Structure formats: C-alpha cells, structure tokens
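Below: protein03.txt (compact mmCIF, C-alpha atoms)
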```txt
# COMPACT_ATOMS: atom_id res chain seq x y z
CA MET Z 1 250.57 112.31 296.86
CA ARG Z 2 248.12 114.28 294.72
CA ASN Z 3 245.26 111.88 295.60
CA LEU Z 4 246.09 112.17 299.29
CA LEU Z 5 245.89 116.00 299.14
CA SER Z 6 242.63 115.84 297.18
CA LYS Z 7 241.21 113.44 299.72
CA ARG Z 8 242.19 115.76 302.61
CA ASN Z 9 240.71 118.80 300.88
CA SER Z 10 237.43 117.02 300.19
CA GLN Z 11 237.24 115.94 303.84
CA ASN Z 12 237.71 119.57 304.96
CA ILE Z 13 235.01 120.77 302.59
CA THR Z 14 232.64 118.09 303.87
CA LYS Z 15 233.33 118.99 307.50
CA ASN Z 16 232.75 122.71 306.83
CA THR Z 17 229.57 122.00 304.89
CA ASN Z 18 228.20 119.73 307.61
CA LYS Z 19 229.11 122.28 310.27
CA ASN Z 20 227.18 125.04 308.41
CA MET Z 21 224.22 122.74 307.79
CA ASN Z 22 223.83 122.26 311.56
CA LYS Z 23 223.91 126.01 312.22
CA LYS Z 24 220.58 127.40 313.39
CA SER Z 25 219.11 130.02 311.09
CA ILE Z 26 216.75 132.79 312.22
CA GLN Z 27 214.95 135.15 309.86
CA LEU Z 28 214.69 138.46 311.74
CA ASP Z 29 211.82 140.83 310.96
CA TRP Z 30 213.68 144.17 311.06
CA LYS Z 31 211.70 147.35 311.77
CA GLY Z 32 213.20 150.74 310.92
CA TYR Z 33 215.49 152.59 310.41
CA PHE Z 34 213.90 155.41 312.40
CA GLU Z 35 215.46 158.68 313.46
CA TYR Z 36 216.86 157.99 316.93
CA THR Z 37 214.79 160.23 319.20
CA ASP Z 38 212.80 159.63 322.41
CA GLY Z 39 209.60 160.24 320.47
CA ASN Z 40 210.41 157.66 317.79
CA VAL Z 41 211.53 155.09 320.34
CA GLN Z 42 208.22 155.64 322.17
CA LYS Z 43 206.29 155.39 318.90
CA TYR Z 44 208.01 152.42 317.24
CA ALA Z 45 209.96 150.30 319.74
CA PRO Z 46 207.95 147.65 321.58
CA THR Z 47 208.33 146.77 325.25
CA LYS Z 48 209.25 143.28 324.05
CA ALA Z 49 212.61 141.50 323.91
CA GLY Z 50 214.84 141.75 320.88
CA VAL Z 51 218.04 142.95 319.24
CA TYR Z 52 218.79 146.40 317.89
CA LYS Z 53 221.24 148.40 315.80
CA ILE Z 54 222.19 152.06 316.12
CA GLY Z 55 223.66 153.64 313.02
CA ILE Z 56 225.10 156.99 312.02
CA LYS Z 57 224.26 158.69 308.71
CA GLN Z 58 227.39 159.20 306.63
CA LYS Z 59 228.03 162.07 304.20
CA ASP Z 60 226.97 159.82 301.31
CA GLU Z 61 223.65 159.21 303.18
CA LYS Z 62 224.56 155.57 303.86
CA LEU Z 63 224.13 154.30 307.39
CA ALA Z 64 227.12 152.92 309.29
CA VAL Z 65 226.12 150.68 312.22
CA ARG Z 66 228.13 151.80 315.24
CA TYR Z 67 226.44 149.81 318.03
CA VAL Z 68 224.45 146.58 318.34
CA GLY Z 69 222.71 145.27 321.41
CA GLN Z 70 219.90 143.25 322.88
CA ALA Z 71 217.28 143.88 325.53
CA ASN Z 72 214.40 142.30 327.39
CA ASP Z 73 212.54 145.59 326.79
CA LEU Z 74 213.60 147.33 323.57
CA ASP Z 75 211.73 150.55 324.39
CA ARG Z 76 213.42 150.92 327.78
CA ARG Z 77 216.92 150.01 326.57
CA LEU Z 78 216.86 152.30 323.55
CA LYS Z 79 215.69 155.18 325.77
CA GLU Z 80 218.52 154.44 328.24
CA HIS Z 81 221.08 154.98 325.48
CA LEU Z 82 219.52 158.38 324.75
CA ASP Z 83 220.07 159.52 328.35
CA LEU Z 84 223.51 160.83 327.40
CA ASP Z 85 224.35 162.10 330.88
CA ASN Z 86 224.06 158.55 332.25
CA GLU Z 87 225.13 156.46 329.22
CA PRO Z 88 228.46 154.79 330.17
CA ASN Z 89 229.55 154.10 326.56
CA GLU Z 90 231.58 157.21 325.69
CA CYS Z 91 231.98 156.18 322.06
CA LEU Z 92 228.21 155.99 321.65
CA VAL Z 93 227.63 159.25 323.56
CA GLU Z 94 230.12 161.08 321.34
CA ARG Z 95 228.45 159.85 318.15
CA LEU Z 96 224.91 160.51 319.36
CA ARG Z 97 225.87 164.09 320.29
CA LYS Z 98 227.74 164.76 317.07
CA TYR Z 99 225.85 162.93 314.31
CA HIS Z 100 222.40 162.06 313.01
CA ALA Z 101 221.59 158.59 314.36
CA GLU Z 102 218.95 156.04 313.42
CA PHE Z 103 217.84 152.78 315.01
CA SER Z 104 216.41 149.50 313.85
CA PHE Z 105 215.21 146.50 315.83
CA ALA Z 106 213.86 142.98 315.57
CA GLU Z 107 211.87 141.12 318.22
CA VAL Z 108 213.58 137.95 319.45
CA SER Z 109 211.84 136.16 322.29
CA THR Z 110 214.37 133.70 323.74
CA GLN Z 111 217.57 134.69 325.53
CA SER Z 112 219.62 132.09 323.66
CA ASP Z 113 218.43 133.40 320.28
CA ARG Z 114 219.12 137.01 321.36
CA ASP Z 115 222.64 136.06 322.44
CA GLY Z 116 223.28 134.33 319.11
CA ALA Z 117 221.71 137.14 317.08
CA GLU Z 118 223.70 139.84 318.91
CA LYS Z 119 226.91 137.88 318.36
CA ALA Z 120 226.07 137.46 314.64
CA LEU Z 121 225.34 141.21 314.34
CA TYR Z 122 228.62 142.04 316.03
CA ASP Z 123 230.53 139.65 313.76
CA PHE Z 124 228.86 141.12 310.66
CA TYR Z 125 229.14 144.87 311.44
CA LYS Z 126 232.17 145.04 313.78
CA PRO Z 127 230.60 148.18 315.30
CA ALA Z 128 233.05 150.78 316.58
CA CYS Z 129 231.20 151.45 319.85
CA ASN Z 130 230.78 147.85 321.02
CA ASP Z 131 233.33 146.34 323.37
CA ALA Z 132 234.15 142.87 322.04
CA ASP Z 133 234.45 141.58 325.62
CA THR Z 134 230.80 142.37 326.36
CA ILE Z 135 229.30 140.54 323.37
CA PRO Z 136 227.61 137.36 324.62
CA ASN Z 137 229.20 134.07 323.74
CA GLY Z 138 225.92 132.84 322.33
CA PRO Z 139 225.19 129.98 319.98
CA ASP Z 140 226.40 130.18 316.40
CA ILE Z 141 223.30 131.46 314.63
CA GLU Z 142 222.86 132.55 311.05
CA ILE Z 143 220.71 135.68 310.71
CA ASN Z 144 219.77 138.30 308.15
CA PRO Z 145 221.65 141.34 309.51
CA ARG Z 146 219.74 143.81 307.31
```

Once more with this new file: its structure as structure tokens, please.
Amino acid sequence: MRNLLSKRNSQNITKNTNKNMNKKSIQLDWKGYFEYTDGNVQKYAPTKAGVYKIGIKQKDEKLAVRYVGQANDLDRRLKEHLDLDNEPNECLVERLRKYHAEFSFAEVSTQSDRDGAEKALYDFYKPACNDADTIPNGPDIEINPR
C-alpha cells in the first residue's frame, strides 16, 4: 500500500513539473512607478501596446496594486482612466480621487502575450478594482509581476 501511494505521489509531482516546464515565460521590462498624472503619462507612457498596473500609496509608503490592464496604446488607455467623469470603473474612480496613485507599465507586442500577462498580473495581485469576469482567458504565462 505504501509503495502504491508513493508511486501515485511521484506521478503527480512529475505531471506538475512537466506542466510548469511547458509554461511560456516572459521577462517584462517594467517602467515606473510614476506619479499618476496626465503629464507623467504623456512623458513616460509610449503609444505602444502593453500591460500596466495602477497602485495606491499606503500609509507605510508601500504601493498596493488596485488595478491591472492592457492596451494597444498605453498612453491613450492610461489617460482614459484619468478622465474621472467618464471612467466607468467606480472603484478606480474612488481611489484615484481619494489617494495618491502611481502607474507602471511594460511593453508587450502580441495580443496573446498581453492576455496572458494581464491574467498573470491579476492572479498575482488580485486587485480590488478589477472585475474578475473581464480578465482575458489568456494563455498560462509566467511573468515577473514586479
């Protein structure tokens, strides 16, 4: 009986290891954190595709990521979030009005990689202002979230 259990456990470990070995890995080149203002978005965010994080400074000066996203044009999308009168995400609007926010981004050229990276960011941070139903069901990608 003991050998049978050991054999089953070793098979599970092998399956999990093989599964992780097949997982695509992307090393993101994060830029920022920058104070989240129109001027800084204009200055730092490219008009290229990528993923981004919006965080709120905590009392201990640590940053808590509250929203993750992706865009074909990072500059445009980050500016859209700052248009608080037209931003549909009430959670994000409330935090941007109330707290000091910062943003960070990484360029990611392909849609599939952006979907996977956004999903990985969501899984890592569990950001309060993202709706789990709107996160893309992208490929299982391993990234560096920081």

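Nearest residue to Thr134 (chain Z), choosing from Z:Glu102, Z:Glu94, Z:Leu84, Z:Gln70 and counting only C-alpha atoms: Z:Gln70.
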
CA of Ala49 (chain Z) to CA of Ala106 (chain Z), straight-line distance in Å: 8.6 Å

Within 8 Å of file point (223.0, 143.7, 320.9), counting only C-alpha atoms, expressed as a PyMOL selection string: chain Z and resi 51-53+67-71+114-115+117-119+121-122+135

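If you look at CA of Asn72 (chain Z) and CA of Asp85 (chain Z), they are 22.4 Å away from each other.
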
Given all atoms listed in the file as the counted atoms, nearest of Z:Val93, Z:Ile143, Z:Val65, Z:Cys129 to Trp30 (chain Z): Z:Ile143

Nearest candidate to Glu80 (chain Z) (options Z:Ile56, Z:Leu92, Z:Ala64, Z:Ile141; using only C-alpha atoms): Z:Leu92
